[in-house]
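Below: the structure, in structure tokens.
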Amino acid sequence: MSTRSRSNLYLGLFCLGFALLLLFVWIPLDTDTGWIEKVRRQVTIGDSLAPSVAGIFLLVGGIILILIERSARDQPKLTGGNLRFIGSVLLILFISFAIMRYCGPLLVSATNIFTGETLEYRLLRDTVPWKYAGYFPGGIVLISGLISLIEGRLTARSVVISAVAVVVLIAIYDLPFDDLLLPPNGDV
Amino acid sequence: MKHILKAGVVALGLALISSGVLAADWTPPGPIKMMIAFRAGGGADTQARLIAEALEAKLGWKFIPEQVTGKGGVNLLATLKDQPNDGTVIGMVVTESVGYNLAAAKAGITPANFTGIATTAGFQMGIVSLSSKGWNTFSDVVDAIKGGQEIRFGVMSPKLADLAYLLGKAQGVDFNIVPVKGGKAVMNGVNAGDLDIGFMAGIQAKGVASGDLVNLASGLSTPLKQTPDAPTLADLGVSYNSDGYFVFVGPAGMPADARQALAAAIAGVANDESSKAGGIIKKAFGGASTITGDALTTLLADGYKDASTLMDAAAE
Amino acid sequence: MGVLDYIWLGILSVFQGPELFSIFGLPVSVTLVMILCGFLLGIAVGATPGLAGPIAMAIALPILISVFGYTQEALLPVMGFLIGIMKGATIGGAVPAILFNTPGTPDAYMTTLDGYPMTQKGQAKKALRVAHFSSASGDTFSDIVLIVCAPFLALLVEAYLDLPEKTALLILSLSFIAAVVGGSPAKGLISTGLGLLAVYVATGEDFYPRLSLGTKQLSQGFPIATAVLGVLIIGSVFKGLEELWHEKRKSGGIAMIRDSGDQRLHFADIRRLLPFIARSAVIGTAIGALPGIGSTLAATLGYTIGKSRYQRRKAKDDPDFGTGVPEGIAATEAANSSVSGANLIPVLSLGIPGNAAAVFLILAAESIGGFNPGPSVFRFTADVVNPELVVAFGLFTAMLIANGLNWTIGGFFMRSMGIMTRIPKHILLPIVLLLTLTAIYVQETRMEAIWFALAFGVLGYLMRSLSISPLPFVIAFILGGKLEESARQAFAATGGDAFFLFTNPIALVFMLMSVGVIVFTAVKSKGAT
């Protein structure tokens, strides 16, 4: 047992700490009623009880990890590599959704400068081609970005594949349906 | 209160005819987002979607229905109040959401944050039990409690819980008031025997007609259409009632032409019993009741004001 | 309305539903077509490494709902399609396992042990036939058990369990799932706790949305699709991408091995395989009926027990398990396929989902409305038709139709799916990610839903990295609301009795069992180290 991992111990301590924080700080400060309360001459269950049960599950899980399963065999741990990977994925996703959200309105304002009209993206959100102005570029960046992350380089092929994929998705979710809104058209 | 409502219904009949001309001038500048405060697939949700469908077919307007559920309609209202008020965003709630629930939520939102557009149907709120329990009217339930039986009373909103409590107080008995989520859940609970009696707002119509369920009392200020003999809450010594409507509202400050056009359109569909939406309204609520314009504004404001007296009465 | 009337109505509701087209004057209902489409899609998805039934179900659901709307008539076509996917994916999963030694779904891992050696010996087609035959047999057996048991169990529950007992039963299911899924009760409890915490944000009875930190974004809580799809699907996409990232893509084509010799499945083969299939089908069905344990354990158990029987009985010079014996494939496939039907027993009779596929069926029912899986479904009302009961029998019919498809065209279609295994995963996974996020958005129509889903995806990724099973999280998320509601109701209905879970004998037994199962597995897992 010389190569014993300590990751269960750390996970257990983390859960224990989080559960205590939840039970004694978050729940009391962020709910209106206690475990039970008295309304209309009747005792009823308040809003704190159920989250406290969740906290107790975490607490007991943490304690079992620390006391009983500390030296269990299968104990993978999080590595810097894990975090770097998920960080890069999230960065790509964040950029893609920023493009998706703001590309349409920006395009409309840009067109307004040239045409002198006062169009509003919100009112155009159900009109072709405006309604794809965000989803199409954002989707391409998302798919080709992730493919490139795996391949380690950006290729024209991956961009073409992602453009085709986004067109197919539009065909699946948008063309046949009147009242489905592609991102970001429900927000604008 | 009653007078205002009646006046409103009459006024609407006139308004419908006269506003037809004005309303025709307004068309929505873009697709209309229709927020729905009820679970997808339930009776209220179906009603809202059918109204949208009918209007799309009739007027060529485009509706995009969307669920914003939770907290008795307060979630929807909190989202709706900051939306554009040009008639492109509306929401369907019940009058109780704008009244009692907003008052109880203390979130700083009042009916003044909204423009009332139109009600579609009034609740047929009854206190209902299985007929196999052997009770015919509400006093049988009171006798059962006095005979030592515990009675579970299912309610689907805090306002109804207050009413149930006051009803018990007026009759000198205690109910075990059980909060459940939605009218369908009350009916399931009563059917499964988990609840003895419960408030149902129209969903009971079919069961009452077939004889499985019985309306023991009316929760309204008026007798129920289906069971006119059942005593009202006032008859049972409670000076409050659960009168309420399904209502479409928009953000405050909606232009008059948009408001009128939307109101006329919605009320038109609700009153048309040959339309699918009008048909289900007729089946569950015995017909549409469409209140619009100033009468609706007053109704919503009063509901909010009256809520605090009810809360005080129930808090003793 | 007697029982037989209901069964007949259920069957009719499948065949006579809205008509799509007619062949030779015979109307073909839309439900039938949907079951077929779902089934074929399921086989294709199951055969594609990196995809699995739940992913296809998740992505299909919003599309299906937009097609069919939120009406009672939508239930059977939509759920029929999902059931089709579920069944198709089960047999499809064996394809890459046998042909390329890569399991398409986790529970097909045991299939590689004997399946791939058979391929290497030039008997790929025969191996696929064995897999198909065993899978279809196990599946059919399991469905029959479901159809016979679920209504009775539901009636028992409805007759004997009052609100306090129902609450205690939910607690028991959650502890049981926490204890048995994934092999570490502590991690199961943590997963359950996180799921409960997530579902309790902004729900509850007060008007203030609890635990929302006063923010507007959290004040509507987490939509069920963001939590379920985030943790289950997006989390597994992240994990899959990471594995590819580490491998930097293995290059080189896959070597094709030519088939040689007799590929047919003879009656003598079937007679030899049947005892293995029967044993595994019973194991799989029994395991499937318990929520949360799932098909991987069923496959492992089926294989292990099949192996010990085979080793005892075999002639001296017969090949061993693991060297390409059809019995090995049969024992595995019959076991993992018989889980899916039985898994719907707790869903339909108690409303408790036991695996990811069941989770999506509940999600479908919940999104469409008008059908609440649980004991109240099986109310045989005499005067008024109980529409939920008709739907339930319609679902049973749909399952049997899917079985019929499985027996008739499933085998052929499955054997033609080898091509799907060639799709490069590193291109597929990003597309699946956008597909899933789009599916979530069209249902929720707000950007926050995407951020929530991604956050849950990261959580699912971290949980997988720490070998915490995400399944208890998802099941806790689905049952959490029900748990709080029934506890509130039980408490109020008993007149505010704080010990309502312990004053009634059945509830008390359930509570003792919930504590017992945690303690027992925790102590056992210590003993195993």
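Just remember, in the structure tokens the first chain shown is A, the second B, etc., residues are 1-based per chain, and ligands are 1-based in the order shown.
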Pull the closest atom pair for each residue of chain B that gets at most 10 Å from chain C, along with the distance in Å to one decimal, counting only C-alpha atoms, ordering rows by chain and then ascending residue number, as a tab-separated table.
```
residue	atom	partner	partner_atom	distance
B:Arg39	CA	C:Gly369	CA	7.6
B:Ala40	CA	C:Gly369	CA	5.8
B:Gly41	CA	C:Gly369	CA	4.1
B:Gly42	CA	C:Gly369	CA	6.3
B:Gly43	CA	C:Gly370	CA	9.2
B:Asp45	CA	C:Tyr70	CA	8.7
B:Thr46	CA	C:Tyr70	CA	7.5
B:Arg49	CA	C:Tyr70	CA	8.9
B:Glu66	CA	C:Glu444	CA	7.7
B:Gln67	CA	C:Glu444	CA	7.8
B:Val68	CA	C:Gln220	CA	8.2
B:Thr69	CA	C:Gln220	CA	7.9
B:Gly70	CA	C:Gln220	CA	7.0
B:Lys71	CA	C:Phe207	CA	5.9
B:Gly72	CA	C:Phe207	CA	8.4
B:Val74	CA	C:Phe207	CA	8.0
B:Asn75	CA	C:Gln220	CA	6.6
B:Leu76	CA	C:Gln220	CA	9.2
B:Ala78	CA	C:Lys216	CA	9.0
B:Thr79	CA	C:Lys216	CA	8.9
B:Asn101	CA	C:Phe207	CA	8.0
B:Leu102	CA	C:Phe207	CA	8.9
B:Ala104	CA	C:Phe207	CA	7.2
B:Ala105	CA	C:Phe207	CA	4.9
B:Lys106	CA	C:Phe207	CA	8.2
B:Ala107	CA	C:Tyr208	CA	8.2
B:Glu150	CA	C:Gly495	CA	8.5
B:Ile151	CA	C:Ala493	CA	8.1
B:Arg152	CA	C:Ala493	CA	5.6
B:Phe153	CA	C:Ala493	CA	8.2
B:Gly154	CA	C:Gln489	CA	9.0
B:Ser157	CA	C:Glu205	CA	9.4
B:Pro158	CA	C:Glu205	CA	8.8
B:Asp174	CA	C:Gly495	CA	9.6
B:Phe175	CA	C:Gly495	CA	8.4
B:Asn176	CA	C:Ala493	CA	5.3
B:Ile177	CA	C:Ala492	CA	6.2
B:Val178	CA	C:Ala492	CA	5.3
B:Pro179	CA	C:Gln489	CA	6.4
B:Val180	CA	C:Gln489	CA	7.2
B:Lys181	CA	C:Glu485	CA	8.2
B:Lys184	CA	C:Gly370	CA	9.3
B:Asn188	CA	C:Ser376	CA	7.3
B:Gly189	CA	C:Ser376	CA	9.0
B:Asn191	CA	C:Ser376	CA	8.7
B:Ala192	CA	C:Ser376	CA	6.9
B:Gly193	CA	C:Asp162	CA	8.3
B:Asp194	CA	C:Asp162	CA	6.4
B:Leu195	CA	C:Ala493	CA	7.9
B:Asp196	CA	C:Ala493	CA	9.8
B:Lys206	CA	C:Val384	CA	8.5
B:Gly207	CA	C:Val384	CA	7.7
B:Ser210	CA	C:Asp383	CA	7.1
B:Gly211	CA	C:Asp383	CA	8.8
B:Asp212	CA	C:Asp383	CA	8.0
```
Can you tell me which residues surround range 320-337 of chain C at a distance of at most 8 Å, considering only C-alpha atoms, apart from same-chain residues fewer than 4 positions away, and format the answer as a short mmCIF file (atom, residue, chain, number, x, y, z; two decimals) with C-alpha atoms, in the first residue's frame?
```
data_model
loop_
_atom_site.label_atom_id
_atom_site.label_comp_id
_atom_site.auth_asym_id
_atom_site.auth_seq_id
_atom_site.Cartn_x
_atom_site.Cartn_y
_atom_site.Cartn_z
CA THR C 90 -29.17 -2.32 -27.16
CA ILE C 91 -28.58 -4.63 -30.09
CA ALA C 94 -22.81 -5.33 -29.99
CA ASP C 107 -22.36 -2.78 -21.26
CA ALA C 108 -21.15 -4.27 -24.54
CA MET C 110 -18.17 -8.20 -22.09
CA THR C 111 -19.33 -8.89 -25.64
CA LEU C 113 -14.36 -10.90 -24.93
CA ASP C 114 -15.78 -13.63 -27.13
CA GLY C 115 -17.14 -11.57 -29.99
CA TYR C 116 -13.88 -10.18 -31.31
CA PRO C 117 -12.03 -13.52 -31.15
CA MET C 118 -14.84 -14.97 -33.27
CA LYS C 121 -11.48 -16.57 -36.57
CA ALA C 127 -21.11 -13.85 -33.88
CA VAL C 130 -25.67 -15.07 -31.91
CA ALA C 131 -25.66 -11.61 -30.38
CA HIS C 132 -28.88 -10.66 -32.11
CA PHE C 133 -30.69 -13.87 -31.22
CA SER C 134 -29.69 -13.68 -27.56
CA SER C 135 -30.41 -9.99 -27.32
CA ALA C 136 -33.86 -10.31 -28.85
CA SER C 137 -34.72 -13.27 -26.60
CA GLY C 138 -33.60 -11.49 -23.45
CA ASP C 139 -35.44 -8.36 -24.42
CA LEU C 273 -27.22 -21.46 -26.42
CA PHE C 276 -27.22 -19.57 -21.27
CA ILE C 277 -29.73 -17.14 -22.70
CA ALA C 278 -32.44 -18.19 -20.26
CA ARG C 279 -30.19 -17.88 -17.22
CA SER C 280 -28.89 -14.48 -18.29
CA ALA C 281 -32.34 -13.22 -19.17
CA VAL C 282 -33.54 -13.98 -15.65
CA ILE C 283 -30.47 -12.32 -14.14
CA GLY C 284 -30.86 -9.26 -16.34
CA THR C 285 -34.56 -8.93 -15.65
CA SER C 295 -27.02 -3.27 -17.58
CA THR C 296 -23.27 -3.25 -17.04
CA ALA C 298 -26.15 -7.51 -15.53
CA ALA C 299 -23.75 -8.18 -18.40
CA THR C 300 -20.89 -8.91 -16.02
CA GLY C 302 -24.50 -12.97 -16.85
CA TYR C 303 -21.08 -13.55 -18.37
CA GLY C 306 -22.42 -18.38 -17.88
CA LYS C 307 -18.70 -18.95 -17.77
CA TYR C 310 -19.75 -23.59 -19.29
CA GLN C 311 -16.46 -24.55 -17.68
#
```
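Closest approach to chain A among C:Ala58, C:Val515, C:Ile475, C:Leu434: C:Leu434, based on only C-alpha atoms.
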task: Return as a PyMOL selection string the residues belonging to chain B that are within 12 Å of chain A, counting only C-alpha atoms.
output: chain B and resi 28-35+49+52-53+56+62-67+79+83-84+86-89+105-106+158-169+173-179+311-316
Save out the residues we just selected, N, CA and C atoms, as a short mmCIF file (atom, residue, chain, number, x, y, z; two decimals), in the first residue's frame.
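Full text of selection_23.cif as output:
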```cif
data_model
loop_
_atom_site.label_atom_id
_atom_site.label_comp_id
_atom_site.auth_asym_id
_atom_site.auth_seq_id
_atom_site.Cartn_x
_atom_site.Cartn_y
_atom_site.Cartn_z
N PRO B 28 -48.82 43.34 -35.13
CA PRO B 28 -47.57 43.27 -34.34
C PRO B 28 -46.35 43.52 -35.23
N PRO B 29 -45.38 44.30 -34.75
CA PRO B 29 -44.19 44.60 -35.55
C PRO B 29 -43.28 43.40 -35.75
N GLY B 30 -43.49 42.34 -35.00
CA GLY B 30 -42.65 41.14 -35.13
C GLY B 30 -43.38 39.98 -34.51
N PRO B 31 -42.74 38.84 -34.38
CA PRO B 31 -43.39 37.71 -33.73
C PRO B 31 -43.72 38.01 -32.27
N ILE B 32 -44.83 37.47 -31.79
CA ILE B 32 -45.26 37.71 -30.41
C ILE B 32 -44.82 36.55 -29.53
N LYS B 33 -44.06 36.88 -28.49
CA LYS B 33 -43.67 35.84 -27.53
C LYS B 33 -44.80 35.66 -26.53
N MET B 34 -45.33 34.44 -26.42
CA MET B 34 -46.42 34.20 -25.47
C MET B 34 -45.91 33.33 -24.34
N MET B 35 -45.68 33.97 -23.17
CA MET B 35 -45.20 33.20 -22.02
C MET B 35 -46.40 32.55 -21.33
N ARG B 49 -52.08 27.62 -25.80
CA ARG B 49 -51.53 27.24 -27.11
C ARG B 49 -52.60 27.22 -28.18
N ALA B 52 -53.27 30.74 -29.26
CA ALA B 52 -52.21 31.21 -30.16
C ALA B 52 -52.41 30.64 -31.57
N GLU B 53 -52.72 29.34 -31.59
CA GLU B 53 -52.91 28.67 -32.88
C GLU B 53 -54.06 29.31 -33.66
N GLU B 56 -53.09 32.68 -35.03
CA GLU B 56 -52.19 32.57 -36.18
C GLU B 56 -52.99 32.29 -37.44
N LYS B 62 -47.85 35.97 -35.77
CA LYS B 62 -46.97 34.84 -35.45
C LYS B 62 -46.77 34.79 -33.93
N PHE B 63 -47.08 33.65 -33.32
CA PHE B 63 -46.87 33.51 -31.88
C PHE B 63 -45.77 32.50 -31.59
N ILE B 64 -44.99 32.79 -30.57
CA ILE B 64 -43.98 31.82 -30.12
C ILE B 64 -44.25 31.51 -28.65
N PRO B 65 -44.95 30.39 -28.36
CA PRO B 65 -45.27 30.07 -26.97
C PRO B 65 -44.03 29.59 -26.21
N GLU B 66 -43.99 29.92 -24.95
CA GLU B 66 -42.82 29.57 -24.13
C GLU B 66 -43.27 29.38 -22.69
N GLN B 67 -42.78 28.32 -22.04
CA GLN B 67 -43.15 28.06 -20.65
C GLN B 67 -42.27 28.88 -19.71
N THR B 79 -40.26 38.12 -15.08
CA THR B 79 -39.58 38.16 -16.38
C THR B 79 -40.28 39.12 -17.32
N GLN B 83 -39.81 43.27 -20.25
CA GLN B 83 -39.80 43.01 -21.69
C GLN B 83 -40.33 44.22 -22.45
N PRO B 84 -40.06 44.31 -23.76
CA PRO B 84 -40.60 45.41 -24.57
C PRO B 84 -42.12 45.44 -24.49
N ASP B 86 -44.31 46.74 -26.65
CA ASP B 86 -44.97 47.09 -27.91
C ASP B 86 -45.97 46.03 -28.36
N GLY B 87 -46.33 45.14 -27.46
CA GLY B 87 -47.31 44.12 -27.82
C GLY B 87 -46.67 42.86 -28.36
N THR B 88 -45.33 42.78 -28.39
CA THR B 88 -44.68 41.59 -28.92
C THR B 88 -44.35 40.59 -27.82
N VAL B 89 -44.64 40.94 -26.56
CA VAL B 89 -44.44 39.99 -25.48
C VAL B 89 -45.67 40.04 -24.57
N ALA B 105 -45.37 37.74 -2.45
CA ALA B 105 -43.97 37.55 -2.83
C ALA B 105 -43.11 38.70 -2.35
N LYS B 106 -43.70 39.86 -2.12
CA LYS B 106 -42.94 41.03 -1.63
C LYS B 106 -41.69 41.27 -2.46
N PRO B 158 -51.28 29.21 -2.07
CA PRO B 158 -51.34 29.75 -0.71
C PRO B 158 -52.67 30.45 -0.42
N LYS B 159 -53.22 31.11 -1.45
CA LYS B 159 -54.49 31.80 -1.22
C LYS B 159 -55.57 30.79 -0.85
N LEU B 160 -55.60 29.67 -1.58
CA LEU B 160 -56.60 28.66 -1.28
C LEU B 160 -56.36 28.04 0.09
N ALA B 161 -55.10 27.95 0.49
CA ALA B 161 -54.80 27.44 1.83
C ALA B 161 -55.39 28.37 2.88
N ASP B 162 -55.23 29.68 2.66
CA ASP B 162 -55.82 30.65 3.58
C ASP B 162 -57.34 30.47 3.65
N LEU B 163 -57.96 30.30 2.47
CA LEU B 163 -59.41 30.15 2.44
C LEU B 163 -59.84 28.87 3.17
N ALA B 164 -59.07 27.80 2.96
CA ALA B 164 -59.41 26.54 3.62
C ALA B 164 -59.33 26.71 5.13
N TYR B 165 -58.30 27.43 5.55
CA TYR B 165 -58.12 27.66 6.99
C TYR B 165 -59.29 28.47 7.56
N LEU B 166 -59.65 29.57 6.83
CA LEU B 166 -60.74 30.42 7.31
C LEU B 166 -62.06 29.66 7.31
N LEU B 167 -62.21 28.77 6.33
CA LEU B 167 -63.43 27.97 6.26
C LEU B 167 -63.53 27.07 7.49
N GLY B 168 -62.41 26.46 7.83
CA GLY B 168 -62.38 25.61 9.02
C GLY B 168 -62.73 26.42 10.27
N LYS B 169 -62.14 27.61 10.33
CA LYS B 169 -62.36 28.46 11.49
C LYS B 169 -63.84 28.84 11.60
N VAL B 173 -63.98 23.81 12.91
CA VAL B 173 -63.27 22.53 12.79
C VAL B 173 -61.85 22.78 12.27
N ASP B 174 -61.00 21.77 12.36
CA ASP B 174 -59.64 21.88 11.83
C ASP B 174 -59.45 20.91 10.67
N PHE B 175 -58.95 21.43 9.56
CA PHE B 175 -58.58 20.54 8.45
C PHE B 175 -57.08 20.30 8.49
N ASN B 176 -56.63 19.16 7.97
CA ASN B 176 -55.21 19.02 7.67
C ASN B 176 -55.02 19.54 6.24
N ILE B 177 -54.56 20.78 6.14
CA ILE B 177 -54.46 21.43 4.83
C ILE B 177 -53.18 20.96 4.13
N VAL B 178 -53.35 20.33 2.96
CA VAL B 178 -52.21 19.73 2.28
C VAL B 178 -51.93 20.50 0.98
N PRO B 179 -50.77 21.17 0.89
CA PRO B 179 -50.46 21.90 -0.34
C PRO B 179 -49.99 20.94 -1.43
N MET B 311 -54.71 37.92 3.83
CA MET B 311 -53.52 37.38 4.52
C MET B 311 -53.58 37.70 6.01
N ASP B 312 -53.99 38.92 6.33
CA ASP B 312 -54.07 39.30 7.75
C ASP B 312 -55.10 38.42 8.47
N ALA B 313 -56.24 38.21 7.81
CA ALA B 313 -57.29 37.41 8.44
C ALA B 313 -56.80 35.99 8.71
N ALA B 314 -56.01 35.45 7.76
CA ALA B 314 -55.57 34.06 7.90
C ALA B 314 -54.36 33.94 8.81
N ALA B 315 -53.73 35.09 9.12
CA ALA B 315 -52.49 35.01 9.91
C ALA B 315 -52.76 35.01 11.40
N GLU B 316 -54.03 35.26 11.78
CA GLU B 316 -54.32 35.33 13.23
C GLU B 316 -53.97 34.04 13.93
#
```
message: I'd like to know which of C:Thr304, C:Thr397, C:Ser349, C:Thr102 is closest to Val14 in chain C, using only C-alpha atoms.
response: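 Answer, going by the shortest atom-to-atom distance: C:Thr397.
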Distance query Asp259 in chain C at most 9 Å, only C-alpha atoms, self and fewer than 6 positions along chain excluded, as a list in words: Thr119, Gln120, Lys121, Gly122, Gln123, Ala124 and Lys125 of chain C
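Those residues of chain A that DSSP, working from the backbone, places in strand (DSSP E or B) are Ile36, Glu37, Lys38, Val39, Gln42, Val43, Thr44 and Ile45 of chain A.
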Within 7 Å of chain C, which residues belong to chain A? Use only C-alpha atoms and report them as an mmCIF file with C-alpha atoms, in the first residue's frame.
```cif
data_model
loop_
_atom_site.group_PDB
_atom_site.id
_atom_site.type_symbol
_atom_site.label_atom_id
_atom_site.label_comp_id
_atom_site.auth_asym_id
_atom_site.auth_seq_id
_atom_site.Cartn_x
_atom_site.Cartn_y
_atom_site.Cartn_z
ATOM 1 C CA ILE A 27 -29.201 27.550 3.693
ATOM 2 C CA ASP A 30 -30.637 32.135 1.582
ATOM 3 C CA THR A 31 -34.019 30.632 2.470
ATOM 4 C CA ASP A 32 -37.090 32.306 3.914
ATOM 5 C CA GLN A 42 -50.680 24.185 11.449
ATOM 6 C CA VAL A 43 -47.045 23.042 11.535
ATOM 7 C CA THR A 44 -45.674 22.646 8.013
ATOM 8 C CA ILE A 45 -42.362 21.818 6.427
ATOM 9 C CA ASP A 47 -38.087 25.569 2.635
ATOM 10 C CA ALA A 50 -35.118 19.641 1.695
ATOM 11 C CA PRO A 51 -31.793 21.379 0.907
ATOM 12 C CA ALA A 54 -29.119 17.278 0.323
ATOM 13 C CA GLY A 55 -26.461 18.691 2.656
ATOM 14 C CA PHE A 57 -26.204 13.312 1.933
ATOM 15 C CA LEU A 58 -23.015 15.243 1.093
ATOM 16 C CA GLY A 61 -20.727 10.846 1.837
ATOM 17 C CA GLY A 62 -17.740 12.957 2.849
ATOM 18 C CA ILE A 64 -17.618 7.771 4.740
ATOM 19 C CA LEU A 65 -14.912 8.746 2.240
ATOM 20 C CA ILE A 68 -14.076 4.126 5.547
ATOM 21 C CA GLU A 69 -13.050 4.524 1.918
ATOM 22 C CA ALA A 72 -10.103 2.197 -1.427
ATOM 23 C CA ARG A 73 -8.375 0.924 -4.533
ATOM 24 C CA PRO A 76 -8.287 8.599 -9.785
ATOM 25 C CA LYS A 77 -7.364 12.186 -9.091
ATOM 26 C CA LEU A 78 -7.699 15.427 -10.960
ATOM 27 C CA PHE A 85 -8.058 20.483 -21.138
ATOM 28 C CA ILE A 143 -17.305 22.662 -33.972
ATOM 29 C CA LEU A 146 -13.054 21.643 -30.835
ATOM 30 C CA ILE A 147 -11.902 19.552 -33.816
ATOM 31 C CA ILE A 150 -8.026 17.549 -30.771
ATOM 32 C CA GLU A 151 -6.108 17.578 -34.037
ATOM 33 C CA ALA A 165 -22.823 20.209 -39.849
ATOM 34 C CA LEU A 169 -28.557 21.243 -37.709
ATOM 35 C CA TYR A 173 -34.237 22.164 -35.908
ATOM 36 C CA PHE A 177 -40.709 24.024 -37.421
ATOM 37 C CA LEU A 180 -38.661 26.642 -32.586
ATOM 38 C CA LEU A 181 -36.073 29.342 -32.013
ATOM 39 C CA LEU A 182 -32.407 28.646 -32.611
ATOM 40 C CA PRO A 183 -29.950 30.250 -30.232
ATOM 41 C CA PRO A 184 -29.826 33.170 -29.497
ATOM 42 C CA GLY A 186 -35.204 33.559 -27.717
ATOM 43 C CA ASP A 187 -33.121 36.050 -25.773
#
```
message: Taking the DSSP secondary structure from the backbone, can you list the residues of chain A that are alpha helix (DSSP H), as an MDAnalysis selection string?
response: chainID A and resid 7:21 27:30 49:67 80:115 121:124 135:151 156:173
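The two atoms in question, CA of Cys103 in chain A and CA of Leu142 in chain A, are spaced 14.2 Å apart.
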Neighbour list for range 79-85 of chain C as a list in words, cut-off 7 Å, only C-alpha atoms, skip fewer than 2 positions in-chain: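 In the requested form, the answer reads Thr31, Met34, Ile35, Leu36, Cys37, Gly38, Phe39, Leu41, Gly42, Gly53, Met57, Leu75, Leu76, Pro77, Lys87, Gly88, Ala89, Leu361, Ala364, Leu395, Ala398, Met399 and Ala402 of chain C.
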Would you mind exporting the chosen residues as a compact mmCIF listing (two decimals), in the first residue's frame, restricted to C-alpha atoms?
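File part-v1.txt, as written:
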```txt
# COMPACT_ATOMS: atom_id res chain seq x y z
CA THR C 31 -47.02 5.59 -33.87
CA MET C 34 -42.23 6.25 -35.21
CA ILE C 35 -41.42 2.97 -33.45
CA LEU C 36 -39.77 1.71 -36.63
CA CYS C 37 -37.78 4.92 -37.19
CA GLY C 38 -36.66 5.00 -33.57
CA PHE C 39 -35.62 1.38 -33.74
CA LEU C 41 -31.96 5.02 -35.54
CA GLY C 42 -31.23 3.21 -32.27
CA GLY C 53 -29.10 5.44 -26.87
CA MET C 57 -33.09 10.15 -27.05
CA LEU C 75 -47.43 10.68 -26.06
CA LEU C 76 -47.48 7.39 -27.94
CA PRO C 77 -45.61 8.47 -31.10
CA LYS C 87 -34.24 -1.26 -28.01
CA GLY C 88 -32.28 -0.58 -31.18
CA ALA C 89 -29.29 0.79 -29.30
CA LEU C 361 -38.84 8.38 -21.00
CA ALA C 364 -40.64 12.93 -22.36
CA LEU C 395 -46.59 1.71 -24.38
CA ALA C 398 -45.20 -0.34 -28.58
CA MET C 399 -42.60 -2.39 -26.75
CA ALA C 402 -40.37 -3.06 -31.21
```
query: Looking at only C-alpha atoms, which of B:Ala170, B:Met92, B:Val190, B:Ala265 is the one that sits closest to Ala234 in chain B?
result: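 Ranked by minimum distance to Ala234 in chain B, first place goes to B:Ala170.
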- prompt: Got a sec: who's within 9 Å of Ile203 in chain B, counting only C-alpha atoms, leaving out chain neighbours fewer than 6 positions off, as a PyMOL selection string?
  reply: chain B and resi 43+124+183-184+187+284-285
Residue selection dump (N, CA and C atoms) as a compact mmCIF listing (two decimals), in the first residue's frame:
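File selection-v3.txt, as written:
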```txt
# COMPACT_ATOMS: atom_id res chain seq x y z
N GLY B 43 -54.29 21.65 -18.67
CA GLY B 43 -55.44 22.29 -19.27
C GLY B 43 -55.17 23.74 -19.63
N GLN B 124 -64.31 27.70 -12.16
CA GLN B 124 -65.48 27.10 -11.53
C GLN B 124 -64.96 26.37 -10.31
N GLY B 183 -53.89 21.80 -10.14
CA GLY B 183 -55.22 21.22 -10.02
C GLY B 183 -55.24 19.74 -10.34
N LYS B 184 -54.43 19.33 -11.30
CA LYS B 184 -54.36 17.92 -11.68
C LYS B 184 -53.90 17.09 -10.48
N MET B 187 -56.66 16.57 -8.03
CA MET B 187 -57.60 15.54 -8.48
C MET B 187 -57.00 14.15 -8.33
N ALA B 284 -64.79 23.08 -19.67
CA ALA B 284 -64.29 23.08 -18.30
C ALA B 284 -64.91 24.19 -17.46
N PHE B 285 -65.22 25.35 -18.06
CA PHE B 285 -65.63 26.49 -17.25
C PHE B 285 -67.04 26.96 -17.58
```
query: With only C-alpha atoms as the atoms that count, which of B:Ser221, B:Ser275, B:Gln149, B:Ser308 lies nearest to Ala57 in chain B?
result: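 Nearest candidate to Ala57 in chain B out of B:Ser221, B:Ser275, B:Gln149, B:Ser308: B:Ser275.
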- prompt: Quick one: residues within 10 Å of Ile140 in chain A, only C-alpha atoms counted, chain neighbours fewer than 5 positions away excluded, as a list in words?
  reply: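 Result of the neighbour search: Ser96, Met100, Tyr135, Gly145, Leu146, Ser158, Val159, Val160, Ile161, Ser162, Ala163, Val164, Ala165, Val166 and Val167 of chain A; Ile431 and Leu434 of chain C.
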Spatial neighbours of Ala256 in chain B, max dist 10 Å, only C-alpha atoms, sep filter under 4 positions, as a list in words: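 Residues near the query, excluding close chain neighbours: Leu22, Ala23, Trp26, Asp86, Gly87, Thr115, Gln260, Ala261, Leu262 and Gly293 of chain B.
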